$ cat run-v1.cif   # mmCIF, C-alpha atoms
data_input
loop_
_atom_site.label_atom_id
_atom_site.label_comp_id
_atom_site.auth_asym_id
_atom_site.auth_seq_id
_atom_site.Cartn_x
_atom_site.Cartn_y
_atom_site.Cartn_z
CA MET A 2 -15.06 21.50 -25.43
CA ALA A 3 -18.82 22.06 -25.31
CA ASP A 4 -20.24 23.62 -22.14
CA PHE A 5 -22.22 21.21 -20.00
CA GLU A 6 -24.52 22.16 -17.16
CA ALA A 7 -26.46 19.58 -15.20
CA SER A 8 -30.21 20.15 -15.26
CA PRO A 9 -32.71 19.07 -12.59
CA SER A 10 -33.48 16.05 -14.76
CA ASP A 11 -29.77 15.18 -14.83
CA ASP A 12 -29.63 15.41 -11.04
CA GLU A 13 -32.65 13.13 -10.78
CA ARG A 14 -31.02 10.62 -13.12
CA ASN A 15 -27.81 10.76 -11.07
CA ALA A 16 -29.78 9.99 -7.91
CA ARG A 17 -31.67 7.12 -9.58
CA SER A 18 -28.48 5.65 -11.03
CA LEU A 19 -26.69 5.75 -7.67
CA ALA A 20 -29.70 4.22 -5.91
CA ARG A 21 -29.77 1.45 -8.54
CA LEU A 22 -26.08 0.69 -8.01
CA VAL A 23 -26.54 0.53 -4.23
CA ALA A 24 -29.53 -1.80 -4.65
CA ILE A 25 -27.53 -4.06 -6.97
CA MET A 26 -24.67 -4.25 -4.48
CA ARG A 27 -27.02 -5.03 -1.59
CA ARG A 28 -28.51 -7.86 -3.62
CA LEU A 29 -25.08 -9.21 -4.56
CA ARG A 30 -24.10 -9.11 -0.88
CA ASP A 31 -27.15 -11.08 0.28
CA PRO A 32 -25.72 -14.11 2.15
CA VAL A 33 -28.49 -16.40 0.87
CA THR A 34 -29.46 -15.25 -2.62
CA GLY A 35 -26.45 -13.11 -3.51
CA CYS A 36 -23.26 -13.76 -5.45
CA GLU A 37 -21.00 -16.38 -3.90
CA TRP A 38 -17.98 -14.12 -4.44
CA ASP A 39 -19.34 -10.66 -3.59
CA SER A 40 -21.16 -11.87 -0.49
CA VAL A 41 -18.02 -13.11 1.27
CA GLN A 42 -15.72 -10.14 0.64
CA ASN A 43 -14.56 -7.72 3.32
CA PHE A 44 -12.78 -4.36 3.48
CA ALA A 45 -9.33 -5.92 3.31
CA THR A 46 -10.06 -8.19 0.35
CA ILE A 47 -11.67 -5.38 -1.65
CA ALA A 48 -9.04 -2.70 -0.90
CA PRO A 49 -6.57 -3.91 -3.60
CA TYR A 50 -9.32 -3.65 -6.23
CA THR A 51 -10.11 -0.13 -5.06
CA ILE A 52 -6.50 0.91 -5.56
CA GLU A 53 -6.34 -0.83 -8.94
CA GLU A 54 -9.48 0.93 -10.17
CA ALA A 55 -8.07 4.32 -9.16
CA TYR A 56 -4.99 3.61 -11.26
CA GLU A 57 -7.15 2.56 -14.20
CA VAL A 58 -8.97 5.90 -13.97
CA ALA A 59 -5.61 7.68 -14.07
CA ASP A 60 -4.54 5.53 -17.03
CA ALA A 61 -7.66 6.44 -19.03
CA ILE A 62 -7.01 10.13 -18.32
CA GLN A 63 -3.39 9.87 -19.42
CA ARG A 64 -4.44 8.16 -22.66
CA GLY A 65 -7.13 10.76 -23.27
CA ASP A 66 -9.76 8.01 -23.68
CA LEU A 67 -12.97 9.58 -22.40
CA ASP A 68 -15.13 6.55 -23.23
CA ASP A 69 -12.83 4.40 -21.13
CA LEU A 70 -12.74 7.10 -18.43
CA ARG A 71 -16.54 6.92 -18.17
CA ASP A 72 -16.36 3.16 -17.65
CA GLU A 73 -13.43 3.31 -15.24
CA LEU A 74 -15.11 5.98 -13.12
CA GLY A 75 -18.08 3.62 -12.89
CA ASP A 76 -15.76 0.84 -11.72
CA LEU A 77 -14.29 3.18 -9.12
CA GLN A 78 -17.74 4.23 -7.95
CA LEU A 79 -18.59 0.56 -7.53
CA GLN A 80 -15.69 0.29 -5.10
CA VAL A 81 -17.03 3.19 -3.04
CA VAL A 82 -20.49 1.61 -2.93
CA PHE A 83 -19.01 -1.83 -2.14
CA HIS A 84 -17.19 -0.50 0.93
CA ALA A 85 -20.14 1.61 2.04
CA VAL A 86 -22.61 -1.30 1.80
CA MET A 87 -20.27 -3.52 3.83
CA ALA A 88 -20.01 -0.75 6.46
CA GLU A 89 -23.79 -0.39 6.46
CA GLU A 90 -24.21 -4.14 7.02
CA ALA A 91 -21.92 -3.98 10.04
CA GLY A 92 -23.68 -0.90 11.44
CA HIS A 93 -20.67 1.42 11.06
CA PHE A 94 -21.90 4.06 8.60
CA THR A 95 -23.88 4.47 5.37
CA LEU A 96 -23.12 5.78 1.90
CA ALA A 97 -24.96 8.97 2.81
CA ASP A 98 -22.61 9.37 5.78
CA THR A 99 -19.59 9.28 3.46
CA PHE A 100 -21.14 11.90 1.17
CA ASP A 101 -21.99 14.10 4.16
CA ALA A 102 -18.44 13.74 5.48
CA ILE A 103 -16.79 14.90 2.24
CA SER A 104 -19.38 17.67 1.74
CA ASN A 105 -18.75 18.96 5.26
CA LYS A 106 -15.00 18.84 4.68
CA LEU A 107 -15.19 20.76 1.40
CA GLU A 108 -17.36 23.47 2.94
CA ARG A 109 -15.15 23.67 6.03
CA ARG A 110 -11.96 24.00 3.98
CA HIS A 111 -13.41 26.63 1.63
CA PRO A 112 -14.70 29.28 4.06
CA HIS A 113 -14.08 31.98 1.43
CA ILE A 114 -16.65 30.23 -0.78
CA PHE A 115 -19.16 28.81 1.70
CA GLY A 116 -18.45 30.99 4.74
CA GLU A 117 -17.55 34.53 5.67
CA ALA A 118 -13.78 34.46 5.14
CA LYS A 119 -12.53 37.33 2.95
CA ASP A 120 -9.36 35.59 1.86
CA GLY A 121 -8.97 32.11 0.40
CA GLY A 122 -6.97 29.91 -1.89
CA HIS A 123 -4.73 26.91 -1.46
CA HIS A 124 -2.79 28.41 1.46
CA LEU A 125 -6.02 28.61 3.47
CA TRP A 126 -6.84 24.98 2.59
CA GLU A 127 -3.42 23.93 3.90
CA GLN A 128 -3.84 26.03 7.04
CA ILE A 129 -7.19 24.41 7.84
CA LYS A 130 -5.77 20.95 7.15
CA ALA A 131 -2.92 21.69 9.56
CA GLU A 132 -5.41 22.81 12.23
CA GLU A 133 -7.38 19.59 11.75
CA ARG A 134 -4.21 17.49 12.01
CA ALA A 135 -3.36 19.27 15.28
CA LYS A 136 -6.48 17.70 16.81
CA ASN A 137 -5.32 14.21 15.88
CA PRO A 138 -4.06 12.14 18.87
CA ASP A 139 -1.07 11.22 16.70
CA ARG A 140 0.84 14.49 16.97
CA SER A 141 3.65 13.48 14.64
CA ALA A 142 4.30 15.66 11.59
CA LEU A 143 4.07 12.40 9.62
CA ALA A 144 0.57 11.50 10.84
CA GLY A 145 -1.95 10.73 8.13
CA VAL A 146 0.44 9.83 5.32
CA ALA A 147 -1.41 6.80 3.99
CA LEU A 148 0.40 3.47 4.16
CA ALA A 149 -1.26 2.31 0.93
CA LEU A 150 0.26 5.08 -1.20
CA PRO A 151 2.75 4.00 -3.88
CA ALA A 152 6.16 3.81 -2.21
CA LEU A 153 7.72 6.66 -4.22
CA GLU A 154 4.78 8.96 -3.58
CA ARG A 155 4.71 8.10 0.11
CA ALA A 156 8.44 8.74 0.42
CA ALA A 157 7.99 12.19 -1.12
CA LYS A 158 5.12 13.03 1.23
CA LEU A 159 7.06 11.86 4.29
CA GLN A 160 10.03 14.00 3.25
CA LYS A 161 7.85 17.07 2.66
CA ARG A 162 6.23 16.68 6.07
CA ALA A 163 9.62 16.31 7.76
CA ALA A 164 10.96 19.32 5.86
CA ARG A 165 8.19 21.51 7.31
CA THR A 166 9.74 20.95 10.74
CA GLY A 167 13.16 22.07 9.51
CA PHE A 168 14.50 18.53 9.17
CA ASP A 169 15.92 18.95 5.68
CA TRP A 170 19.13 19.47 3.75
CA PRO A 171 20.09 23.15 3.43
CA THR A 172 21.06 22.74 -0.25
CA ILE A 173 20.70 20.23 -3.06
CA ASP A 174 24.28 19.08 -2.41
CA GLY A 175 23.00 17.09 0.57
CA PRO A 176 20.65 14.74 -1.30
CA ARG A 177 23.10 14.49 -4.21
CA ASP A 178 25.91 13.37 -1.89
CA LYS A 179 23.51 11.02 -0.11
CA ILE A 180 22.89 9.17 -3.38
CA ARG A 181 26.62 8.62 -3.80
CA GLU A 182 26.88 7.45 -0.18
CA GLU A 183 24.04 4.96 -0.64
CA LEU A 184 25.62 3.59 -3.84
CA ASP A 185 28.84 2.98 -1.92
CA GLU A 186 26.92 1.23 0.86
CA ILE A 187 25.21 -1.05 -1.68
CA ALA A 188 28.60 -1.98 -3.12
CA ALA A 189 29.84 -2.95 0.35
CA ALA A 190 26.65 -4.60 1.65
CA PRO A 191 26.32 -8.35 2.24
CA PRO A 192 23.42 -10.06 0.38
CA GLU A 193 21.09 -10.03 3.38
CA GLU A 194 21.34 -6.21 3.61
CA LEU A 195 20.92 -5.40 -0.08
CA GLU A 196 17.16 -4.85 0.05
CA GLU A 197 17.51 -2.34 2.87
CA GLU A 198 20.36 -0.51 1.16
CA VAL A 199 18.54 -0.36 -2.18
CA GLY A 200 15.54 1.05 -0.31
CA ASP A 201 17.78 3.73 1.19
CA LEU A 202 19.06 4.57 -2.30
CA LEU A 203 15.55 4.92 -3.69
CA PHE A 204 14.58 7.12 -0.73
CA ALA A 205 17.61 9.31 -1.41
CA VAL A 206 16.69 9.59 -5.11
CA VAL A 207 13.18 10.71 -4.14
CA ASN A 208 14.72 13.37 -1.91
CA PHE A 209 16.92 14.57 -4.78
CA ALA A 210 13.86 14.75 -7.05
CA ARG A 211 12.05 16.79 -4.39
CA PHE A 212 14.84 19.37 -4.40
CA LEU A 213 14.58 19.52 -8.20
CA LYS A 214 10.80 20.02 -7.84
CA VAL A 215 10.21 16.84 -9.84
CA ASP A 216 7.38 14.47 -8.91
CA PRO A 217 9.21 11.13 -8.61
CA GLU A 218 6.06 9.06 -9.18
CA GLU A 219 5.25 10.92 -12.40
CA ALA A 220 8.90 10.87 -13.49
CA LEU A 221 9.08 7.09 -13.10
CA ARG A 222 5.71 6.65 -14.80
CA ARG A 223 6.99 8.58 -17.81
CA ALA A 224 10.25 6.60 -17.78
CA ASN A 225 8.22 3.37 -17.79
CA ALA A 226 6.17 4.60 -20.75
CA LYS A 227 9.32 5.61 -22.63
CA PHE A 228 10.99 2.26 -22.00
CA GLU A 229 7.88 0.37 -23.08
CA ARG A 230 7.54 2.46 -26.25
CA ARG A 231 11.16 1.96 -27.25
CA PHE A 232 11.29 -1.73 -26.36
CA ARG A 233 8.14 -2.45 -28.35
CA ALA A 234 9.80 -0.74 -31.31
CA ILE A 235 13.05 -2.73 -31.17
CA GLU A 236 11.40 -6.10 -30.52
CA GLU A 237 9.64 -5.80 -33.90
CA GLU A 238 13.02 -6.31 -35.58
CA PRO A 239 13.08 -9.75 -37.28
CA GLY A 240 15.00 -12.25 -35.17
CA PHE A 241 15.24 -9.78 -32.26
CA VAL A 242 15.37 -12.43 -29.54
CA ASP A 243 18.38 -14.12 -31.15
CA LEU A 244 20.39 -10.93 -31.68
CA VAL A 245 23.48 -10.38 -29.55
CA LEU A 246 23.28 -7.65 -26.90
CA ASP A 247 25.37 -5.17 -28.92
CA ALA A 248 22.95 -5.50 -31.83
CA LYS A 249 19.97 -4.95 -29.55
CA GLU A 250 21.66 -1.90 -28.04
CA ALA A 251 22.28 -0.53 -31.55
CA LEU A 252 18.56 -0.88 -32.30
CA TRP A 253 17.76 0.90 -29.04
CA GLN A 254 20.03 3.81 -29.92
CA ARG A 255 18.47 4.02 -33.39
CA VAL A 256 14.99 4.32 -31.86
CA LYS A 257 16.24 7.02 -29.47
CA ARG A 258 17.71 9.02 -32.34
CA SER A 259 14.51 8.65 -34.32
CA GLU A 260 12.43 9.94 -31.42
CA ARG A 261 14.69 12.94 -30.90
CA GLN A 262 14.60 13.80 -34.60
CA SER A 263 10.82 13.57 -34.61
CA ALA A 264 10.63 15.83 -31.54
CA SER A 265 12.94 18.49 -33.01
#

$ encode --input "run-v1.cif" --output "C-alpha cells"
Amino acid sequence: MADFEASPSDDERNARSLARLVAIMRRLRDPVTGCEWDSVQNFATIAPYTIEEAYEVADAIQRGDLDDLRDELGDLQLQVVFHAVMAEEAGHFTLADTFDAISNKLERRHPHIFGEAKDGGHHLWEQIKAEERAKNPDRSALAGVALALPALERAAKLQKRAARTGFDWPTIDGPRDKIREELDEIAAAPPEELEEEVGDLLFAVVNFARFLKVDPEEALRRANAKFERRFRAIEEEPGFVDLVLDAKEALWQRVKRSERQSAS
C-alpha cells in the first residue's frame, strides 16, 4: 500500500468539503425551502439509518471494496452531520461541539501520548474509562452498554461487565450445562413462553462463546455468509425448487465437500 500523508492543501479541502456538506444539510432542513422529507425528520426517525450506514461501512470493509468504502463513509458522515444540524437547530450543540468532545476524550484517554504519563497502552485506556464510568450517576457495572447494539453483541458486553464483578461461571462447564438446561426448558415450555426461553438459550450460547474467546456476532456473521454462499450454489441446480428434501441435502453436502477440498 502506498504511503499517504495529508498535506495542508488536503486539510483545507477536508474543511471545505465538510463545510459544504453542513451547508447542504442546513438547506435541506429549511422548513420553507428545504426538502419535504429531510426537513421533518428527527433524531428518532434518523437513528435507524445511522445504524444501517454503519453496517454498510463494515460490509464494504469485509468485501475489500475501497471504492464502496469511500462512498459508504460519506453516507455515514452524512448521518453525523444530519444529527448535529438537528441538534444545532434545537440549540443543544453544534457539529464543532461533537468534534471537540471526541478530541478531548482521545487526548484524555491517551495521557502517554498527549500528556505526561510514562506508561500507556490499552490497559490505561480501560482504567481511564472505568474512572469516567465511576462518575456516572448510574453506578451499575452494566451502565453505558448501548441499547441499540445488535442483540448478540450487547449480550456479550453485558456478560463481560458482569464477569468483572465476579459474577461468572468458574469453568466452561457452567455455560455448556446452561445450554443443555435451556434446551430442556424450551422442550417443556408452553407456546406463550417460547420466545423468552429461546432468548435464554441464545444468551447462554453467547456466554459459551465468550468462554471460548469467540466473538458471537462475528461468528454468526460468518455462518450467515457461509450459508448464503452454499445455498446460492445449490439453488443453481436445474429444477432445484422441485427436488425432494433428501436431494437438496445431497447437493448441500456436495458443496460442503467441494469447499473443504478447495481449502485443503

$ atom_distance --input "run-v1.cif" --atom1 "atom CA of A:Asp174" --atom2 "atom CA of A:Leu213"
11.3 Å

$ resolve_selection --input "run-v1.cif" --expression "the PyMOL selection byres ((chain A and resi 96) around 9)" --output "PyMOL selection string"
chain A and resi 23+81-82+84-86+88-89+94-95+97-101

$ axis_aligned_box --input "run-v1.cif" --around "stretch 117-120 of chain A" --padding-each-side "4 Å" --output "AutoDock Vina command-line options"
--center_x -13.5 --center_y 35.9 --center_z 3.8 --size_x 16.2 --size_y 10.9 --size_z 11.8

$ resolve_selection --input "run-v1.cif" --expression "the PyMOL selection byres ((chain A and resi 141) around 12)" --output "PyMOL selection string"
chain A and resi 131+134-140+142-146+159+162-163+165-166

$ resolve_selection --input "run-v1.cif" --expression "the PyMOL selection byres ((chain A and resi 43-60) around 12)" --output "PyMOL selection string"
chain A and resi 30+38-42+61-88+90-91+149-151+219+222-223+226

$ residues_near_point --input "run-v1.cif" --point "(-10.5, 21.0, 3.4)" --cutoff "8 Å" --atoms "all atoms listed in the file" --output "compact mmCIF listing (two decimals) with C-alpha atoms, keeping the file's coordinate frame"
# COMPACT_ATOMS: atom_id res chain seq x y z
CA LYS A 106 -15.00 18.84 4.68
CA LEU A 107 -15.19 20.76 1.40
CA GLU A 108 -17.36 23.47 2.94
CA ARG A 109 -15.15 23.67 6.03
CA ARG A 110 -11.96 24.00 3.98
CA HIS A 111 -13.41 26.63 1.63
CA TRP A 126 -6.84 24.98 2.59
CA GLU A 127 -3.42 23.93 3.90
CA ILE A 129 -7.19 24.41 7.84
CA LYS A 130 -5.77 20.95 7.15

$ atom_distance --input "run-v1.cif" --atom1 "atom CA of A:Glu154" --atom2 "atom CA of A:Leu221"
10.6 Å

$ atom_distance --input "run-v1.cif" --atom1 "atom CA of A:Leu184" --atom2 "atom CA of A:Leu202"
6.8 Å

$ closest_residue --input "run-v1.cif" --among "A:Leu22, A:Ala190, A:Ile114, A:Leu252" --to "A:Glu238" --atoms "all atoms listed in the file"
A:Leu252

$ closest_residue --input "run-v1.cif" --among "A:His113, A:Ala164, A:Arg231, A:Arg177" --to "A:Gln254" --atoms "all atoms listed in the file"
A:Arg231

$ closest_residue --input "run-v1.cif" --among "A:Val215, A:Trp170, A:Ser18, A:Ser259" --to "A:Ile235" --atoms "all atoms listed in the file"
A:Ser259

$ build_atoms --input "run-v1.cif" --residues "stretch 149-160 of chain A" --atoms "all heavy atoms" --output "PDB file, in the frame of the given file"
ATOM      1  N   ALA A 149      -0.979   2.963   2.207  1.00  0.00           N
ATOM      2  CA  ALA A 149      -1.260   2.310   0.930  1.00  0.00           C
ATOM      3  C   ALA A 149      -0.803   3.108  -0.278  1.00  0.00           C
ATOM      4  O   ALA A 149      -0.941   2.639  -1.412  1.00  0.00           O
ATOM      5  CB  ALA A 149      -2.756   2.019   0.806  1.00  0.00           C
ATOM      6  N   LEU A 150      -0.245   4.300  -0.068  1.00  0.00           N
ATOM      7  CA  LEU A 150       0.260   5.080  -1.200  1.00  0.00           C
ATOM      8  C   LEU A 150       1.380   4.317  -1.904  1.00  0.00           C
ATOM      9  O   LEU A 150       2.102   3.538  -1.276  1.00  0.00           O
ATOM     10  CB  LEU A 150       0.812   6.421  -0.710  1.00  0.00           C
ATOM     11  CG  LEU A 150      -0.189   7.504  -0.343  1.00  0.00           C
ATOM     12  CD1 LEU A 150       0.542   8.675   0.301  1.00  0.00           C
ATOM     13  CD2 LEU A 150      -0.956   7.978  -1.563  1.00  0.00           C
ATOM     14  N   PRO A 151       1.564   4.549  -3.212  1.00  0.00           N
ATOM     15  CA  PRO A 151       2.750   4.000  -3.880  1.00  0.00           C
ATOM     16  C   PRO A 151       4.005   4.445  -3.129  1.00  0.00           C
ATOM     17  O   PRO A 151       4.065   5.565  -2.602  1.00  0.00           O
ATOM     18  CB  PRO A 151       2.688   4.627  -5.281  1.00  0.00           C
ATOM     19  CG  PRO A 151       1.250   4.934  -5.490  1.00  0.00           C
ATOM     20  CD  PRO A 151       0.708   5.312  -4.134  1.00  0.00           C
ATOM     21  N   ALA A 152       4.990   3.568  -3.072  1.00  0.00           N
ATOM     22  CA  ALA A 152       6.160   3.810  -2.210  1.00  0.00           C
ATOM     23  C   ALA A 152       6.871   5.116  -2.553  1.00  0.00           C
ATOM     24  O   ALA A 152       7.284   5.862  -1.646  1.00  0.00           O
ATOM     25  CB  ALA A 152       7.127   2.638  -2.315  1.00  0.00           C
ATOM     26  N   LEU A 153       7.028   5.425  -3.844  1.00  0.00           N
ATOM     27  CA  LEU A 153       7.720   6.660  -4.220  1.00  0.00           C
ATOM     28  C   LEU A 153       6.923   7.878  -3.757  1.00  0.00           C
ATOM     29  O   LEU A 153       7.486   8.835  -3.212  1.00  0.00           O
ATOM     30  CB  LEU A 153       7.924   6.725  -5.731  1.00  0.00           C
ATOM     31  CG  LEU A 153       8.993   5.812  -6.330  1.00  0.00           C
ATOM     32  CD1 LEU A 153       9.030   5.989  -7.841  1.00  0.00           C
ATOM     33  CD2 LEU A 153      10.361   6.124  -5.739  1.00  0.00           C
ATOM     34  N   GLU A 154       5.615   7.841  -3.972  1.00  0.00           N
ATOM     35  CA  GLU A 154       4.780   8.960  -3.580  1.00  0.00           C
ATOM     36  C   GLU A 154       4.777   9.136  -2.067  1.00  0.00           C
ATOM     37  O   GLU A 154       4.820  10.258  -1.547  1.00  0.00           O
ATOM     38  CB  GLU A 154       3.362   8.764  -4.108  1.00  0.00           C
ATOM     39  CG  GLU A 154       2.439   9.935  -3.847  1.00  0.00           C
ATOM     40  CD  GLU A 154       1.069   9.755  -4.466  1.00  0.00           C
ATOM     41  OE1 GLU A 154       0.908   8.826  -5.287  1.00  0.00           O
ATOM     42  OE2 GLU A 154       0.162  10.531  -4.115  1.00  0.00           O
ATOM     43  N   ARG A 155       4.720   8.015  -1.350  1.00  0.00           N
ATOM     44  CA  ARG A 155       4.710   8.100   0.110  1.00  0.00           C
ATOM     45  C   ARG A 155       6.036   8.644   0.640  1.00  0.00           C
ATOM     46  O   ARG A 155       6.066   9.444   1.585  1.00  0.00           O
ATOM     47  CB  ARG A 155       4.404   6.742   0.739  1.00  0.00           C
ATOM     48  CG  ARG A 155       4.193   6.817   2.243  1.00  0.00           C
ATOM     49  CD  ARG A 155       3.514   5.580   2.809  1.00  0.00           C
ATOM     50  NE  ARG A 155       3.045   5.856   4.157  1.00  0.00           N
ATOM     51  CZ  ARG A 155       3.769   5.646   5.257  1.00  0.00           C
ATOM     52  NH1 ARG A 155       4.989   5.121   5.165  1.00  0.00           N
ATOM     53  NH2 ARG A 155       3.276   5.938   6.450  1.00  0.00           N
ATOM     54  N   ALA A 156       7.141   8.225   0.016  1.00  0.00           N
ATOM     55  CA  ALA A 156       8.440   8.740   0.420  1.00  0.00           C
ATOM     56  C   ALA A 156       8.495  10.255   0.256  1.00  0.00           C
ATOM     57  O   ALA A 156       8.983  10.986   1.134  1.00  0.00           O
ATOM     58  CB  ALA A 156       9.553   8.072  -0.393  1.00  0.00           C
ATOM     59  N   ALA A 157       7.981  10.742  -0.874  1.00  0.00           N
ATOM     60  CA  ALA A 157       7.990  12.190  -1.120  1.00  0.00           C
ATOM     61  C   ALA A 157       7.150  12.928  -0.094  1.00  0.00           C
ATOM     62  O   ALA A 157       7.547  13.991   0.408  1.00  0.00           O
ATOM     63  CB  ALA A 157       7.484  12.473  -2.536  1.00  0.00           C
ATOM     64  N   LYS A 158       5.982  12.375   0.254  1.00  0.00           N
ATOM     65  CA  LYS A 158       5.120  13.030   1.230  1.00  0.00           C
ATOM     66  C   LYS A 158       5.757  13.024   2.625  1.00  0.00           C
ATOM     67  O   LYS A 158       5.683  14.017   3.354  1.00  0.00           O
ATOM     68  CB  LYS A 158       3.757  12.334   1.272  1.00  0.00           C
ATOM     69  CG  LYS A 158       2.863  12.651   0.070  1.00  0.00           C
ATOM     70  CD  LYS A 158       1.509  12.016   0.210  1.00  0.00           C
ATOM     71  CE  LYS A 158       0.606  12.398  -0.959  1.00  0.00           C
ATOM     72  NZ  LYS A 158       0.224  13.821  -0.910  1.00  0.00           N
ATOM     73  N   LEU A 159       6.380  11.908   2.995  1.00  0.00           N
ATOM     74  CA  LEU A 159       7.060  11.860   4.290  1.00  0.00           C
ATOM     75  C   LEU A 159       8.172  12.903   4.355  1.00  0.00           C
ATOM     76  O   LEU A 159       8.339  13.601   5.373  1.00  0.00           O
ATOM     77  CB  LEU A 159       7.645  10.457   4.516  1.00  0.00           C
ATOM     78  CG  LEU A 159       6.646   9.330   4.771  1.00  0.00           C
ATOM     79  CD1 LEU A 159       7.359   7.981   4.762  1.00  0.00           C
ATOM     80  CD2 LEU A 159       5.908   9.528   6.094  1.00  0.00           C
ATOM     81  N   GLN A 160       8.932  13.035   3.279  1.00  0.00           N
ATOM     82  CA  GLN A 160      10.030  14.000   3.250  1.00  0.00           C
ATOM     83  C   GLN A 160       9.510  15.432   3.323  1.00  0.00           C
ATOM     84  O   GLN A 160      10.089  16.286   4.020  1.00  0.00           O
ATOM     85  CB  GLN A 160      10.863  13.782   1.990  1.00  0.00           C
ATOM     86  CG  GLN A 160      11.632  12.470   2.000  1.00  0.00           C
ATOM     87  CD  GLN A 160      12.227  12.132   0.651  1.00  0.00           C
ATOM     88  OE1 GLN A 160      12.182  12.929  -0.283  1.00  0.00           O
ATOM     89  NE2 GLN A 160      12.803  10.938   0.536  1.00  0.00           N
TER      90      GLN A 160
END
